[in-house]
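Participant: Before anything else, here's the structure in question.
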Number of protein chains: 4
Amino acid sequence: MQTQLLERMESEVRTYSRSFPVVFTKAQNARLTDEADREYIDFLAGAGTLNYGHNNPHIKQALLDYLAEDNIIHGLDFWTAAKRDYLEALEEVILKPRGLDYKVQFPGPTGTNAVEAAIRLARNAKGRHNIVTFTNGFHGVTMGALATTGNRKFREATGGVPTVGGSFMPFDGYLGEGADTLDYFEKLLGDKSGGLDIPAAVIVETVQGEGGINVAGLDWLKRLEGICHAHDILLIVDDIQAGCGRTGKFFSFEHADVVPDIVTNSKSLSGLGLPFSQVLVRPELDVWKPGQYNGTFRGFALAFTTAAAALRQYWSDDGLAQDVARKGEVVAERFQKIARMLRELGIEASERGRGLMRGIDVGSGEIADKITHQAFENGLVIETSGQDGEVVKCLCPLTITDEELKKGLDILETSTKQALS
Amino acid sequence: MQTQLLERMESEVRTYSRSFPVVFTKAQNARLTDEADREYIDFLAGAGTLNYGHNNPHIKQALLDYLAEDNIIHGLDFWTAAKRDYLEALEEVILKPRGLDYKVQFPGPTGTNAVEAAIRLARNAKGRHNIVTFTNGFHGVTMGALATTGNRKFREATGGVPTVGGSFMPFDGYLGEGADTLDYFEKLLGDKSGGLDIPAAVIVETVQGEGGINVAGLDWLKRLEGICHAHDILLIVDDIQAGCGRTGKFFSFEHADVVPDIVTNSKSLSGLGLPFSQVLVRPELDVWKPGQYNGTFRGFALAFTTAAAALRQYWSDDGLAQDVARKGEVVAERFQKIARMLRELGIEASERGRGLMRGIDVGSGEIADKITHQAFENGLVIETSGQDGEVVKCLCPLTITDEELKKGLDILETSTKQALS
Amino acid sequence: MQTQLLERMESEVRTYSRSFPVVFTKAQNARLTDEADREYIDFLAGAGTLNYGHNNPHIKQALLDYLAEDNIIHGLDFWTAAKRDYLEALEEVILKPRGLDYKVQFPGPTGTNAVEAAIRLARNAKGRHNIVTFTNGFHGVTMGALATTGNRKFREATGGVPTVGGSFMPFDGYLGEGADTLDYFEKLLGDKSGGLDIPAAVIVETVQGEGGINVAGLDWLKRLEGICHAHDILLIVDDIQAGCGRTGKFFSFEHADVVPDIVTNSKSLSGLGLPFSQVLVRPELDVWKPGQYNGTFRGFALAFTTAAAALRQYWSDDGLAQDVARKGEVVAERFQKIARMLRELGIEASERGRGLMRGIDVGSGEIADKITHQAFENGLVIETSGQDGEVVKCLCPLTITDEELKKGLDILETSTKQALS
Amino acid sequence: MQTQLLERMESEVRTYSRSFPVVFTKAQNARLTDEADREYIDFLAGAGTLNYGHNNPHIKQALLDYLAEDNIIHGLDFWTAAKRDYLEALEEVILKPRGLDYKVQFPGPTGTNAVEAAIRLARNAKGRHNIVTFTNGFHGVTMGALATTGNRKFREATGGVPTVGGSFMPFDGYLGEGADTLDYFEKLLGDKSGGLDIPAAVIVETVQGEGGINVAGLDWLKRLEGICHAHDILLIVDDIQAGCGRTGKFFSFEHADVVPDIVTNSKSLSGLGLPFSQVLVRPELDVWKPGQYNGTFRGFALAFTTAAAALRQYWSDDGLAQDVARKGEVVAERFQKIARMLRELGIEASERGRGLMRGIDVGSGEIADKITHQAFENGLVIETSGQDGEVVKCLCPLTITDEELKKGLDILETSTKQALS
């Protein structure tokens with residue numbers, strides 16, 4: 001494999017190519033192939049961007065059909081038939097059946113664009129600057145979003161400019177068993193000299209992806225919604241990684257019977273890995289004036305097209321949702337087995353997750369790295385997450401075949417044994 | 001045309017669909033078609049994103065070829081054959097012939113992602129927080145980039161959070177004829193109590209697009225580079241709109257014989273309207289540590305593919321560059337004619353621009369709106385820019401045919417007469 | 001009493017004159033006299049500024065002696081004999097006997113000047129921007145200090161400018177009995193994605209005055225010091241209200257056997273109510289370059305003179321300290337009695353404090369207001385504190401006579417009964 | 001002189017004691033005496049704090065009278081007879097005769113306290129965060145005030161925390177002869193994408209003291225007032241150094257027939273060097289709610305007393321004002337003579353100032369230092385100001401005797417010759 005040019009020309013900021021130092025060429029559903037024709041099972045799936053697998057044939061066909069004629073590809077924020085078709089699919093397939101009523105903003109195609117727009121809209125709507133976010137939350141790295149992202153790696157690389165307008169609260173479970181972390185939040189809200197500026201909004205992931213597959217309890221989420229309502233604070237669910245079916249329902253907050261004021265989606269939204277994001281907002285909060293937020297790639301028609309195809313293909317019935325639930329159990333059981341195995345080796349390990357967003361906490365980044373490096377040797381692409389990279393994380397395509405899933409889990413189990421022997 | 005769904009579901013933030021309230025369907029080179037099969041000449045071209053025209057056949061073929069097999073589409077920041085191929089094209093076709101030596105960061109596919117990365121890298125490299133930017137500059141709207149963007153529309157819609165870390169200097173010409181605005185900048189740099197924190201970097205557009213086709217003089221740019229060198233300040237050229245050949249050379253700073261420390265590109269970089277951006281940085285300034293800046297869509301292989309095709313197709317020789325120079329003159333002459341016509345009507349008007357980035361300043365946004373609305377009626381999509389929208393702006397595809405260019409200019413001339421009669 | 005001119009001319013920002021709407025004229029030790037010759041026992045004592053009483057004769061004599069000749073009164077930051085004399089007293093009477101080694105900065109004569117200087121010095125010394133502060137902490141209201149002050153009244157009156165560079169942690173006891181709040185702080189320090197930027201310093205009051213007489217446990221303070229040492233974080237004790245003997249030792253942190261890196265003093269430091277403050281800093285942290293922090297009134301020689309007199313008069317032996325301990329017990333017992341009385345009336349009340357910094361938490365600001373208003377009617381000046389003003393606070397002069405103390409406590413007890421009957 | 005203790009114990013931040021390394025003991029009017037009984041003429045006068053001289057007998061007598069009985073010294077923001085008496089003097093002697101109607105805030109006794117309060121009040125009143133300030137402006141160093149102070153020495157010593165909410169415009173004369181710098185400000189105000197956030201207020205010194213005795217033209221000030229009115233921007237005159245008669249009128253803005261919305265005073269306000277400051281605000285702008293801004297030393301009765309005495313003694317007629325005008329001319333003529341002398345030596349020098357706020361710009365800090373060091377050797381205390389310390393600055397007491405003034409000027413002239421020979 002020729003990597004000299006890549007090593008010479010690409011900035012030192014590159015990361016994944018350090019863990020997986022091969023040149024990938026082809027990819028199909030849950031399989032990656034490198035330039036040496038080596039195949040890998042993909043448990044990373046674009047960090048949750050490829051819920052429907054690589055080169056999903058249904059979705060890809062929609063793309064090819066669209067490209068077959070001179071349909072408009074790039075259209076700023078023009079009205080296009082592709083945009084209308086997507087909105088129609090969103091309304092019919094997703095919003096209406098769930099009784100949800102949102103207006104849609106296309107803020108630029110990346111997750112951080114969506115978060116910047118969401119928190120700014122919340123601030124404008126409420127006339128307050130603060131946004132409450134949670135320990136181990138990840139919401140993007142542009143300066144506005146970074147105020148809500150906990151990771152020091154990014155926070156310390158701003159050239160000395162402190163972020164403004166984010167306050168961190170302990171996520172569910174952060175204060176240990178038995179403590180409901182929302183007690184602290186609620187106490188601070190009611191405390192006139194506690195130092196917490198009343199926020200415009202709370203932004204939360206129902207399952208923290210980058211933060212280490214930390215799963216918010218459904219009661220905790222419901223209580224959070226209640227606290228927000230009681231204090232006239234908006235609830236933003238950042239469903240960029242946990243949404244689009246990853247947890248077993250299209251929106252991850254459906255499990256908790258919560259209705260956010262604002263929702264951000266991206267990653268798997270386009271269905272094929274094309275850059276795409278959206279902000280859903282309750283109509284009465286849509287206080288934007290024309291043009292107050294912009295960006296060049298708000299109207300990427302190829303993504304509208306693939307996104308519409310994905311919604312219609314996978315969300316018109318509950319087939320995929322049931323599949324995720326079933327496969328999630330398969331992963332959970334195997335992860336529990338691996339965790340038990342680790343505990344027998346004296347390593348404090350445990351499994352957690354929801355749907356197909358699952359991890360094994362192996363206690364240290366060092367051990368997790370050993371396991372994932374060994375797994376890569378054995379043909380599995382899987383990454384770590386969590387504050388020290390101590391959680392081995394499975395984000396395989398939701399469409400993974402049962403055989404591939406089993407094969408991937410087998411590799412992980414074997415690799416864990418090899419890594420620790 | 002069915003627009004009810006669009007009106008109902010899309011956020012009030014939408015803008016272009018207000019000026020051009022039709023549903024576009026097809027597009028080819030400089031032609032747009034709406035749902036009623038009405039055709040328009042496109043002098044907007046995705047606000048400079050479609051330098052090679054809509055559905056450019058050469059570039060599109062590369063996309064289709066790539067899609068014909070299960071080549072990887074989304075790859076985080078993996079090494080992929082598509083990325084390598086793009087970097088090879090960039091080095092061979094663009095950098096080497098120009099004697100430029102840059103490392104490349106893919107910071108996420110939007111312009112504002114690139115600006116956020118560029119200014120953060122500059123801050124990290126220099127250990128200073130300030131970035132000097134210019135009046136009427138536009139560099140994006142995420143909070144970090146917004147500190148360098150002058151437009152109040154965005155700055156006042158941050159929910160009360162002031163931007164941090166940007167200082168505005170007067171752009172070339174801002175203090176009137178005869179005054180070199182860099183005198184002020186240089187004086188402040190040397191003034192220990194002038195209030196200007198020594199910046200890590202200056203960020204500048206050589207021709208301000210959103211700001212109103214304000215053209216920096218080549219001497220001014222060269223002097224700016226000299227001032228930066230003298231004070232150990234980095235020079236960032238934001239070539240997102242003016243780059244990729246728009247001014248007649250691939251990089252707009254080539255005209256001034258300036259070598260920036262950091263360059264941002266996006267918009268036309270992918271060649272087909274796909275979201276894509278890059279940051280070019282002098283190797284010794286690439287102080288990023290692995291993973292200090294991230295984003296999901298850093299490795300959008302379709303964009304690598306079309307971008308490589310665009311570079312090879314259009315920049316292996318100077319055909320396009322010469323074409324831009326020639327067509328730029330055509331536009332300039334006609335714009336001067338229109339400006340003369342306006343002055344005869346008592347309207348203070350003038351033409352300006354470089355290459356195919358050209359505008360007529362008609363003195364007020366009201367007049368400019370009348371003209372562009374009339375032009376749209378007559379089949380031309382063209383927008384305004386400048387602080388009051390007083391500049392009618394031509395950003396037609398560089399690949400526009402001579403007939404289409406003439407037709408567009410004819411429409412504009414006619415529409416101007418109609419609008420003002 | 002003539003108050004029209006005062007009402008007409010003074011800004012609406014005035015506060016104490018609303019609770020105590022009389023014109024005061026004379027004052028001696030713990031007695032205040034108004035224009036109608038009515039006398040009041042003073043349990044407020046300049047919010048802790050008059051530890052040695054009003055018009056303390058020893059200290060006042062030093063002032064009069066100084067004024068008797070043309071000794072320099074105002075001297076910028078000149079060396080003056082008065083400054084030298086104060087530093088000598090500070091070293092001999094306070095620092096040496098306690099084994100403390102500090103350099104001294106006179107940053108301007110108010111507490112907030114001292115806090116601004118202290119946190120800035122900490123940031124410069126450590127190269128980090130964050131300062132950890134605690135719920136219900138009060139450290140001043142200029143913008144730098146305000147980042148560490150929890151009170152919304154001030155934080156929401158900044159005209160929309162968010163404070164920068166402060167992170168709030170729960171103070172001792174904030175998470176309820178049994179929970180050591182430093183567990184949370186320590187967990188966050190060790191958590192790479194918890195959202196807590198590693199601070200340059202922690203700033204803490206050992207007993208929170210404005211926050212409601214919240215008393216940090218001595219073990220908690222010692223553990224806090226240990227955490228700071230372990231993480232290379234500076235410990236700043238803001239001893240502006242709790243220092244100068246208020247808790248029974250000159251520095252309030254002596255009780256906990258803690259040695260802060262930086263100490264701020266003000267309020268009672270001058271001994272006579274003259275504006276005066278200082279920052280004490282461990283010599284190796286004195287990274288200031290000449291003139292990097294300034295202010296006109298850094299060299300107010302009258303305050304040096306009275307401060308030196310106060311130190312020599314009251315801290316050359318442990319007489320005052322013992323007196324405070326004794327009187328503190330008297331107050332504590334009576335407050336406990338009053339609290340019991342309240343609980344019998346069904347009001348959840350409790351006593352707390354250290355030395356002569358004591359309060360009764362009566363559960364609501366409404367009840368506390370009733371009590372203090374009644375007390376004022378009965379001839380006692382006493383204020384409330386805490387997030388809802390729910391704590392009736394005794395900060396009487398340390399030099400109060402036993403009779404006056406008893407009289408004040410009698411009034412309070414009677415007033416409480418009256419207020420609640 | 002014993003200086004070891006001072007050198008050992010005082011923080012490295014000390015400045016004046018480096019230029020004047022003696023221990024001062026006594027002071028009377030314009031004379032300073034050191035411990036070795038050496039006398040100095042004082043042209044520094046507490047950096048403008050001692051307009052009425054050291055130990056002014058009239059003012060001092062008022063202080064002694066007040067101290068003779070147990071009048072209250074420190075009273076938080078209580079109503080006191082001393083405060084009422086001061087407000088009465090302010091209204092009768094100053095405000096009414098000038099037709100001014102202001103409410104008064106006592107924000108803490110230092111200049112920076114006053115500036116923090118003034119800009120915060122402006123922001124609250126206008127609902128905008130930005131404050132426009134000017135090149136070479138000095139308004140204090142606490143973080144809020146520092147946003148409006150140009151000096152890098154302070155701005156770079158904030159431990160990396162950027163200031164928020166200040167925008168610098170060129171002061172009168174900054175762009176060279178013939179250019180009215182307000183053209184630039186006005187252009188930016190009208191420019192929707194110029195990067196200038198519409199400010200809540202402009203803060204300006206009519207003569208910049210620390211900035212180098214830069215004198216704003218009276219027309220320029222009047223035009224500035226007009227621009228503020230036209231754009232609904234508040235005008236704050238920071239009269240901390242230039243006020244209290246320094247320029248020949250009580251308020252420095254009287255010369256320009258300007259009526260600010262907000263005025264800050266401090267320095268000479270107490271008349272005797274006691275810490276004291278005030279904010280004057282047009283009644284309709286007094287939007288403070290009770291207690292939104294606080295501080296311990298808002299009610300320092302000794303300063304009320306001396307300030308009232310100073311107003312009545314010196315401002316009941318125009319004697320002092322005329323004296324300042326006359327003495328100002330004496331200084332101006334001599335400074336012009338010295339400047340001529342310097343120009344004959346090839347040093348580009350010039351005189352400038354208003355009233356008794358005067359300077360000689362000698363072109364470099366090095367030359368200015370030589371002159372002032374030599375002057376100190378010869379018995380004159382005088383300091384430099386300006387961005388490089390290139391301006392030798394005279395701020396002698398307004399009450400200086402003619403003989404002392406002549407003697408001081410003689411020393412300066414002689415010292416200049418000696419320094420440059």
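Convention: chains lettered A, B, ... in structure tokens order; per-chain residue numbering from 1; ligands numbered from 1 as shown.
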Show which residues sit within 10 Å of Cys244 (chain A), as a list in words. Count only C-alpha atoms, and ignore same-chain residues fewer than 3 positions away.

Facilitator: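 The filter keeps Gly48, Thr49, Leu50, Asn51, Tyr52, Asp239, Ile240, Gln241, Thr247, Gly248, Lys249, Phe250, Phe251, Ser252, Asn265, Ser266, Lys267, Ser268, Leu269, Ser270, Gly271, Ala310, Leu311, Tyr314, Trp315 and Leu398 of chain A.
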
Participant: Give me the residues within 8 Å of Asp197 (chain A) as a list of chain:residue names, counting only C-alpha atoms and dropping any in the same chain fewer than 6 places off.

Facilitator: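 Residues meeting the cut-off are A:Asn130, C:Arg152, C:Arg155, C:Glu156.
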
Participant: Select, as a PyMOL selection string, those residues of chain D with any atom no more than 9 Å from chain B (distances computed using only C-alpha atoms).

Facilitator: chain D and resi 128-130+133-138+147-153+155-156+160-165+167-170+174-175+183-184+188+191-198+211+386-388

Participant: With N, CA and C atoms kept, could you save the residues just selected as a CSV table (one decimal), in the first residue's frame?

Facilitator:
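again_20.csv was written with the following content:
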```csv
chain,number,residue,atom,x,y,z
D,128,ARG,N,-27.4,46.3,24.8
D,128,ARG,CA,-26.3,46.0,23.8
D,128,ARG,C,-25.0,45.8,24.6
D,129,HIS,N,-24.2,44.9,24.1
D,129,HIS,CA,-23.0,44.5,24.9
D,129,HIS,C,-21.8,45.4,24.6
D,130,ASN,N,-21.7,46.0,23.4
D,130,ASN,CA,-20.5,46.6,23.0
D,130,ASN,C,-20.3,48.0,23.6
D,133,THR,N,-14.5,52.5,22.6
D,133,THR,CA,-13.4,53.2,23.3
D,133,THR,C,-12.4,53.6,22.3
D,134,PHE,N,-11.4,54.3,22.8
D,134,PHE,CA,-10.4,54.9,21.8
D,134,PHE,C,-9.0,54.5,22.0
D,135,THR,N,-8.3,54.5,20.9
D,135,THR,CA,-6.9,54.2,20.9
D,135,THR,C,-6.2,55.0,22.1
D,136,ASN,N,-5.3,54.4,22.8
D,136,ASN,CA,-4.6,55.0,23.9
D,136,ASN,C,-5.5,55.4,25.1
D,137,GLY,N,-6.7,54.9,25.1
D,137,GLY,CA,-7.6,55.2,26.2
D,137,GLY,C,-7.1,54.4,27.4
D,138,PHE,N,-7.3,54.9,28.6
D,138,PHE,CA,-7.1,54.1,29.8
D,138,PHE,C,-8.3,54.3,30.7
D,147,ALA,N,-11.5,45.9,29.1
D,147,ALA,CA,-12.0,45.8,27.7
D,147,ALA,C,-12.0,47.2,27.0
D,148,THR,N,-11.9,48.3,27.7
D,148,THR,CA,-11.9,49.6,27.1
D,148,THR,C,-10.5,50.3,27.3
D,149,THR,N,-9.5,49.6,27.8
D,149,THR,CA,-8.2,50.1,28.1
D,149,THR,C,-7.2,49.6,27.0
D,150,GLY,N,-6.5,50.5,26.3
D,150,GLY,CA,-5.7,50.0,25.2
D,150,GLY,C,-4.3,49.4,25.5
D,151,ASN,N,-3.9,49.6,26.7
D,151,ASN,CA,-2.5,49.3,27.0
D,151,ASN,C,-2.2,47.8,27.1
D,152,ARG,N,-1.3,47.4,26.2
D,152,ARG,CA,-0.9,45.9,26.1
D,152,ARG,C,-0.3,45.4,27.4
D,153,LYS,N,0.4,46.3,28.1
D,153,LYS,CA,1.0,45.8,29.4
D,153,LYS,C,0.0,45.1,30.3
D,155,ARG,N,-3.3,44.3,29.1
D,155,ARG,CA,-4.1,43.4,28.3
D,155,ARG,C,-3.4,42.0,28.1
D,156,GLU,N,-2.1,42.0,28.1
D,156,GLU,CA,-1.4,40.7,27.9
D,156,GLU,C,-1.1,40.0,29.2
D,160,GLY,N,-4.3,35.0,29.7
D,160,GLY,CA,-4.9,34.4,28.5
D,160,GLY,C,-6.4,34.6,28.3
D,161,VAL,N,-7.0,35.3,29.3
D,161,VAL,CA,-8.4,35.5,29.1
D,161,VAL,C,-8.6,36.8,28.3
D,162,PRO,N,-9.2,36.7,27.1
D,162,PRO,CA,-9.4,37.9,26.3
D,162,PRO,C,-10.5,38.7,27.0
D,163,THR,N,-10.4,40.0,26.8
D,163,THR,CA,-11.5,40.9,27.3
D,163,THR,C,-12.6,40.8,26.3
D,164,VAL,N,-13.8,41.1,26.8
D,164,VAL,CA,-15.0,41.0,26.0
D,164,VAL,C,-15.8,42.3,26.0
D,165,GLY,N,-16.2,42.8,24.9
D,165,GLY,CA,-17.2,43.9,24.9
D,165,GLY,C,-16.6,45.3,24.7
D,167,SER,N,-14.7,47.9,21.7
D,167,SER,CA,-14.1,48.1,20.3
D,167,SER,C,-13.4,49.4,20.3
D,168,PHE,N,-12.2,49.4,19.7
D,168,PHE,CA,-11.4,50.6,19.7
D,168,PHE,C,-11.6,51.4,18.4
D,169,MET,N,-11.7,52.7,18.6
D,169,MET,CA,-11.8,53.6,17.4
D,169,MET,C,-10.6,54.5,17.5
D,170,PRO,N,-10.2,55.1,16.4
D,170,PRO,CA,-9.0,56.0,16.5
D,170,PRO,C,-9.4,57.3,17.2
D,174,TYR,N,-5.5,60.6,15.5
D,174,TYR,CA,-4.8,59.4,15.4
D,174,TYR,C,-4.4,59.1,13.9
D,175,LEU,N,-5.3,59.5,13.0
D,175,LEU,CA,-5.0,59.2,11.6
D,175,LEU,C,-4.3,60.3,10.9
D,183,ASP,N,-15.0,60.2,11.1
D,183,ASP,CA,-15.5,59.7,9.8
D,183,ASP,C,-15.5,58.2,9.8
D,184,TYR,N,-14.4,57.7,10.3
D,184,TYR,CA,-14.3,56.2,10.3
D,184,TYR,C,-15.3,55.6,11.3
D,188,LEU,N,-18.5,53.2,10.0
D,188,LEU,CA,-18.7,51.8,10.6
D,188,LEU,C,-20.1,51.7,11.2
D,191,ASP,N,-22.5,51.0,8.6
D,191,ASP,CA,-22.1,49.8,7.7
D,191,ASP,C,-22.6,48.5,8.3
D,192,LYS,N,-23.5,47.9,7.7
D,192,LYS,CA,-24.1,46.7,8.3
D,192,LYS,C,-23.2,45.5,8.3
D,193,SER,N,-22.1,45.6,7.6
D,193,SER,CA,-21.2,44.5,7.6
D,193,SER,C,-19.7,44.9,7.9
D,194,GLY,N,-19.6,46.0,8.6
D,194,GLY,CA,-18.3,46.5,8.9
D,194,GLY,C,-17.6,45.9,10.1
D,195,GLY,N,-18.4,45.1,10.8
D,195,GLY,CA,-17.8,44.4,12.0
D,195,GLY,C,-18.0,45.1,13.3
D,196,LEU,N,-18.5,46.3,13.3
D,196,LEU,CA,-18.7,47.1,14.5
D,196,LEU,C,-20.1,46.8,15.0
D,197,ASP,N,-20.2,46.1,16.2
D,197,ASP,CA,-21.5,45.9,16.8
D,197,ASP,C,-22.0,47.2,17.4
D,198,ILE,N,-23.2,47.6,17.1
D,198,ILE,CA,-23.7,48.9,17.5
D,198,ILE,C,-23.5,49.0,19.1
D,211,GLY,N,-2.5,57.9,28.2
D,211,GLY,CA,-2.3,57.7,26.8
D,211,GLY,C,-1.3,58.7,26.2
D,386,GLY,N,2.1,58.0,27.6
D,386,GLY,CA,2.1,57.7,26.2
D,386,GLY,C,2.5,56.3,25.9
D,387,GLN,N,2.3,55.9,24.7
D,387,GLN,CA,2.4,54.4,24.3
D,387,GLN,C,3.8,53.9,24.6
D,388,ASP,N,4.8,54.8,24.4
D,388,ASP,CA,6.2,54.4,24.7
D,388,ASP,C,6.8,55.2,25.8
```

Participant: Find the distance between CA of His74 (chain A) and CA of Glu333 (chain B) and write it in Å to one decimal.

Facilitator: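 One can read the CA of His74 (chain A) to CA of Glu333 (chain B) distance as 29.5 Å.
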
Participant: Could you give me the residues within region 106-217 of chain C that DSSP places in strand (DSSP E or B), as a PyMOL selection string?

Facilitator: chain C and resi 131-134+166-169+201-204+207-208+214-215

Participant: For Glu92 (chain A), work out the shell of residues within 10 Å, counting only C-alpha atoms and skipping chain neighbours fewer than 6 positions away, then give it as a VMD selection string.

Facilitator: chain A and resid 86 98 311 to 312 316

Participant: Set the distance at 12 Å and use only C-alpha atoms: which residues neighbour Glu225 (chain A) once local chain neighbours fewer than 5 positions away are removed? I'd like the list as a short mmCIF file (atom, residue, chain, number, x, y, z; two decimals) with N, CA, C and O atoms, in the first residue's frame.

Facilitator:
```cif
data_model
loop_
_atom_site.label_atom_id
_atom_site.label_comp_id
_atom_site.auth_asym_id
_atom_site.auth_seq_id
_atom_site.Cartn_x
_atom_site.Cartn_y
_atom_site.Cartn_z
N LEU A 182 -29.84 14.69 38.61
CA LEU A 182 -30.71 15.84 38.35
C LEU A 182 -31.06 16.59 39.64
O LEU A 182 -31.48 17.74 39.59
N GLU A 186 -31.35 20.53 39.59
CA GLU A 186 -32.57 21.20 40.07
C GLU A 186 -32.26 22.13 41.25
O GLU A 186 -32.80 23.22 41.35
N ALA A 201 -31.38 26.67 27.28
CA ALA A 201 -31.68 25.29 26.90
C ALA A 201 -30.73 24.32 27.58
O ALA A 201 -29.65 24.70 28.04
N VAL A 202 -31.18 23.09 27.63
CA VAL A 202 -30.34 21.95 27.99
C VAL A 202 -30.09 21.18 26.71
O VAL A 202 -31.02 20.96 25.93
N ILE A 203 -28.86 20.79 26.47
CA ILE A 203 -28.58 19.92 25.32
C ILE A 203 -28.08 18.59 25.86
O ILE A 203 -27.21 18.55 26.73
N VAL A 204 -28.65 17.50 25.33
CA VAL A 204 -28.33 16.19 25.90
C VAL A 204 -28.34 15.12 24.81
O VAL A 204 -29.12 15.20 23.86
N THR A 206 -29.10 11.13 24.51
CA THR A 206 -29.75 10.12 25.36
C THR A 206 -28.81 8.96 25.64
O THR A 206 -28.90 8.31 26.67
N LEU A 218 -34.33 6.11 31.28
CA LEU A 218 -35.54 6.69 30.68
C LEU A 218 -36.25 7.58 31.68
O LEU A 218 -36.79 8.63 31.32
N ASP A 219 -36.23 7.20 32.95
CA ASP A 219 -36.83 8.05 33.98
C ASP A 219 -36.07 9.36 34.13
O ASP A 219 -36.65 10.42 34.33
N TRP A 220 -34.77 9.24 34.04
CA TRP A 220 -33.91 10.43 34.16
C TRP A 220 -34.24 11.41 33.03
O TRP A 220 -34.39 12.61 33.26
N ALA A 230 -40.66 22.98 33.79
CA ALA A 230 -40.96 23.73 35.00
C ALA A 230 -40.22 25.05 35.06
O ALA A 230 -40.68 26.02 35.67
N HIS A 231 -39.04 25.11 34.43
CA HIS A 231 -38.22 26.32 34.51
C HIS A 231 -38.17 27.09 33.19
O HIS A 231 -37.32 27.96 33.03
N ASP A 232 -39.07 26.75 32.28
CA ASP A 232 -39.11 27.45 30.99
C ASP A 232 -37.77 27.38 30.25
O ASP A 232 -37.28 28.35 29.68
N ILE A 233 -37.19 26.20 30.30
CA ILE A 233 -35.91 25.95 29.63
C ILE A 233 -36.18 25.02 28.46
O ILE A 233 -36.96 24.07 28.59
N LEU A 234 -35.55 25.27 27.32
CA LEU A 234 -35.76 24.40 26.17
C LEU A 234 -34.94 23.12 26.32
O LEU A 234 -33.84 23.14 26.87
N LEU A 235 -35.49 22.04 25.80
CA LEU A 235 -34.78 20.77 25.79
C LEU A 235 -34.35 20.45 24.36
O LEU A 235 -35.18 20.30 23.47
N ILE A 236 -33.04 20.40 24.18
CA ILE A 236 -32.47 20.02 22.88
C ILE A 236 -31.93 18.60 23.01
O ILE A 236 -31.07 18.33 23.86
N VAL A 237 -32.44 17.69 22.20
CA VAL A 237 -31.82 16.37 22.13
C VAL A 237 -30.90 16.34 20.92
O VAL A 237 -31.35 16.55 19.79
N PHE A 253 -35.01 9.53 21.65
CA PHE A 253 -35.79 10.00 22.80
C PHE A 253 -37.17 9.35 22.86
O PHE A 253 -37.88 9.49 23.85
N ALA A 256 -38.04 7.22 25.83
CA ALA A 256 -38.34 7.85 27.12
C ALA A 256 -39.65 8.62 27.07
O ALA A 256 -40.02 9.27 28.05
N ASP A 257 -40.29 8.58 25.92
CA ASP A 257 -41.55 9.31 25.78
C ASP A 257 -41.36 10.81 26.06
O ASP A 257 -42.20 11.45 26.70
N VAL A 258 -40.28 11.30 25.56
CA VAL A 258 -39.92 12.70 25.74
C VAL A 258 -40.13 13.41 24.40
O VAL A 258 -39.89 12.83 23.35
N VAL A 259 -40.57 14.66 24.44
CA VAL A 259 -40.69 15.44 23.21
C VAL A 259 -39.80 16.68 23.33
O VAL A 259 -40.15 17.65 24.00
N PRO A 260 -38.64 16.63 22.69
CA PRO A 260 -37.73 17.77 22.79
C PRO A 260 -38.31 19.00 22.08
O PRO A 260 -39.15 18.88 21.19
N ASP A 261 -37.82 20.15 22.48
CA ASP A 261 -38.18 21.38 21.78
C ASP A 261 -37.40 21.51 20.48
O ASP A 261 -37.89 22.06 19.51
#
```
